[in-house]
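Colleague: Right, I'll just put the structure down here and ask away after.
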Amino acid sequence: MNGEQLVDHATRLLREHTDAGWVALRDDVVALATRAFRSSAPVRGHLPGGELWVASSVVVSQVRAALARVPDAGPLRIACTTTPDGRLDRLTVEVVALYGTPLVPLAGRVRTAAAEAVAATLGLATPPDHRVAVDVSVGDVTSDPRAL
């Protein structure tokens, strides 16, 4: 087949195409999209003129980025819990620690970085240490700094 014949063949195939193929696939595509969607609870924040709402996945993402800068630790799992009115109630952080790192001071640095990230994300003037519990656990230890 030369180029003109290929174009004619492709054109003929496209003209023969009907929406019946889409109808047959539609349910599968919608089911796949529904399974891929991850809902994210809204978290109430503050602006100078009122409130703002931030998706919890955004809060988690910002905390993850802040924890990536903490020396001798790396984020493994981060979850947040909200009150019925949408205020952040608890942040649970699981990290991997570099072998030999004193864990209590490390947990303090992780807690501080997480609280500062929450404050920046939600528009709070100060980190929410008094209002939001930040639970830190060490889920793994590694001797390889590249694993952090």
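Within each chain, counting starts at residue 1; across the structure tokens, chains are named A, B, ... in the order shown, with ligands numbered 1 upward in that order.
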Leu91 of chain A: which residues within 8 Å, counting only C-alpha atoms, same-chain residues fewer than 3 positions away excluded, as an mmCIF file with all heavy atoms, in the first residue's frame?
Modeller:
```
data_model
loop_
_atom_site.group_PDB
_atom_site.id
_atom_site.type_symbol
_atom_site.label_atom_id
_atom_site.label_comp_id
_atom_site.auth_asym_id
_atom_site.auth_seq_id
_atom_site.Cartn_x
_atom_site.Cartn_y
_atom_site.Cartn_z
ATOM 1 N N ILE A 78 1.363 9.445 55.709
ATOM 2 C CA ILE A 78 0.816 10.624 56.378
ATOM 3 C C ILE A 78 -0.700 10.579 56.221
ATOM 4 O O ILE A 78 -1.204 10.354 55.125
ATOM 5 C CB ILE A 78 1.365 11.929 55.763
ATOM 6 C CG1 ILE A 78 2.893 11.947 55.837
ATOM 7 C CG2 ILE A 78 0.768 13.147 56.461
ATOM 8 C CD1 ILE A 78 3.528 13.003 54.978
ATOM 9 N N ALA A 79 -1.399 10.779 57.305
ATOM 10 C CA ALA A 79 -2.863 10.804 57.256
ATOM 11 C C ALA A 79 -3.358 11.903 58.174
ATOM 12 O O ALA A 79 -2.730 12.215 59.183
ATOM 13 C CB ALA A 79 -3.430 9.459 57.695
ATOM 14 N N CYS A 80 -4.477 12.489 57.804
ATOM 15 C CA CYS A 80 -5.065 13.493 58.687
ATOM 16 C C CYS A 80 -6.514 13.150 58.975
ATOM 17 O O CYS A 80 -7.198 12.520 58.179
ATOM 18 C CB CYS A 80 -4.917 14.898 58.115
ATOM 19 S SG CYS A 80 -5.591 15.176 56.498
ATOM 20 N N THR A 81 -6.946 13.560 60.155
ATOM 21 C CA THR A 81 -8.304 13.331 60.625
ATOM 22 C C THR A 81 -8.917 14.682 60.922
ATOM 23 O O THR A 81 -8.255 15.547 61.507
ATOM 24 C CB THR A 81 -8.291 12.479 61.907
ATOM 25 O OG1 THR A 81 -7.537 11.294 61.658
ATOM 26 C CG2 THR A 81 -9.692 12.108 62.336
ATOM 27 N N LEU A 88 -8.933 20.434 61.270
ATOM 28 C CA LEU A 88 -7.935 19.379 61.397
ATOM 29 C C LEU A 88 -7.807 18.998 62.858
ATOM 30 O O LEU A 88 -7.612 19.855 63.719
ATOM 31 C CB LEU A 88 -6.587 19.852 60.840
ATOM 32 C CG LEU A 88 -5.487 18.811 60.788
ATOM 33 C CD1 LEU A 88 -5.853 17.672 59.859
ATOM 34 C CD2 LEU A 88 -4.182 19.441 60.328
ATOM 35 N N VAL A 132 -3.883 20.727 67.379
ATOM 36 C CA VAL A 132 -3.836 19.546 66.526
ATOM 37 C C VAL A 132 -2.769 18.590 67.038
ATOM 38 O O VAL A 132 -1.618 18.980 67.224
ATOM 39 C CB VAL A 132 -3.513 19.931 65.061
ATOM 40 C CG1 VAL A 132 -3.384 18.702 64.199
ATOM 41 C CG2 VAL A 132 -4.568 20.871 64.510
ATOM 42 N N ALA A 133 -3.155 17.353 67.269
ATOM 43 C CA ALA A 133 -2.180 16.342 67.694
ATOM 44 C C ALA A 133 -1.412 15.863 66.471
ATOM 45 O O ALA A 133 -2.005 15.572 65.433
ATOM 46 C CB ALA A 133 -2.905 15.174 68.355
ATOM 47 N N VAL A 134 -0.090 15.810 66.575
ATOM 48 C CA VAL A 134 0.761 15.265 65.517
ATOM 49 C C VAL A 134 1.424 14.023 66.092
ATOM 50 O O VAL A 134 2.313 14.114 66.928
ATOM 51 C CB VAL A 134 1.820 16.280 65.035
ATOM 52 C CG1 VAL A 134 2.669 15.669 63.932
ATOM 53 C CG2 VAL A 134 1.162 17.569 64.546
ATOM 54 N N ASP A 135 0.934 12.865 65.668
ATOM 55 C CA ASP A 135 1.485 11.592 66.135
ATOM 56 C C ASP A 135 2.590 11.169 65.179
ATOM 57 O O ASP A 135 2.371 11.113 63.966
ATOM 58 C CB ASP A 135 0.407 10.515 66.164
ATOM 59 C CG ASP A 135 -0.723 10.859 67.122
ATOM 60 O OD1 ASP A 135 -0.440 11.476 68.162
ATOM 61 O OD2 ASP A 135 -1.870 10.503 66.831
#
```
Colleague: So that I can see what lies close to Pro102 of chain A, please list as a list in words the residues with an atom at most 12 Å from it, counting only C-alpha atoms and leaving out residues fewer than 6 positions away in the same chain.
Modeller: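 Those residues are Pro71, Asp72, Ala73, Gly108, Arg109, Val138 and Val141 of chain A.
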Colleague: Have a look at A:Gly49, A:Ser143, A:Ser56, A:His9 and name the one nearest to Gly100 of chain A; count only C-alpha atoms.
Modeller: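 Answer, going by the shortest atom-to-atom distance: A:Ser143.
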Colleague: Using DSSP on the backbone, list every residue of segment 24-106 of chain A that comes out as strand (DSSP E or B), and give them as a VMD selection string.
Modeller: chain A and resid 42 to 47 50 to 55 73 to 82 88 to 98
Colleague: Which of these residues is nearest to Arg111 of chain A, using only C-alpha atoms: A:Thr83, A:Leu76, A:Leu124, A:Ala66?
Modeller: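 Nearest to Arg111 of chain A: A:Ala66.
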Colleague: Name the closest residue to Leu47 of chain A among the candidates A:Leu67, A:Ala147, A:Ala10, A:Ala120; distances are taken between atoms, counting only C-alpha atoms.
Modeller: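 When distances to Leu47 of chain A are compared using only C-alpha atoms, the smallest one comes from A:Ala120.
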Colleague: Counting only C-alpha atoms, which of A:Leu148, A:Val58, A:Val96, A:Leu13 gets nearest to Thr121 of chain A?
Modeller: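 That would be A:Val58, the residue with the smallest distance to Thr121 of chain A.
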Colleague: Out of A:Val7, A:Leu98, A:Val136, A:Ala41, which residue has the shortest atom-to-atom distance to Trp53 of chain A when counting only C-alpha atoms?
Modeller: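 Of all the options, A:Ala41 lies closest to Trp53 of chain A.
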Colleague: What parts of segment 59-107 of chain A does DSSP call helix (DSSP H, G or I)? I'd like the answer as a list in words.
Modeller: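 Helix (DSSP H, G or I) members of segment 59-107 of chain A, listed: Val59, Val60, Ser61, Gln62, Val63, Arg64, Ala65, Ala66, Leu67, Leu103, Val104, Pro105, Leu106 and Ala107 of chain A.
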Colleague: So which one's closest to Ala97 of chain A, A:Ser57, A:Thr142, A:Leu122, A:Ala65? Using only C-alpha atoms, please.
Modeller: A:Thr142
Colleague: Do you have the atom CA of Ser39 of chain A-atom CA of Ala125 of chain A distance handy?
Modeller: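 Distance reported for this atom pair: 27.9 Å.
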Colleague: Please compute the atom CA of Asp89 of chain A-atom CA of His46 of chain A distance, one decimal, in Å.
Modeller: 15.1 Å
Colleague: Between atom CA of Ala107 of chain A and atom CA of Ser40 of chain A, what is the spacing in Å?
Modeller: 26.4 Å
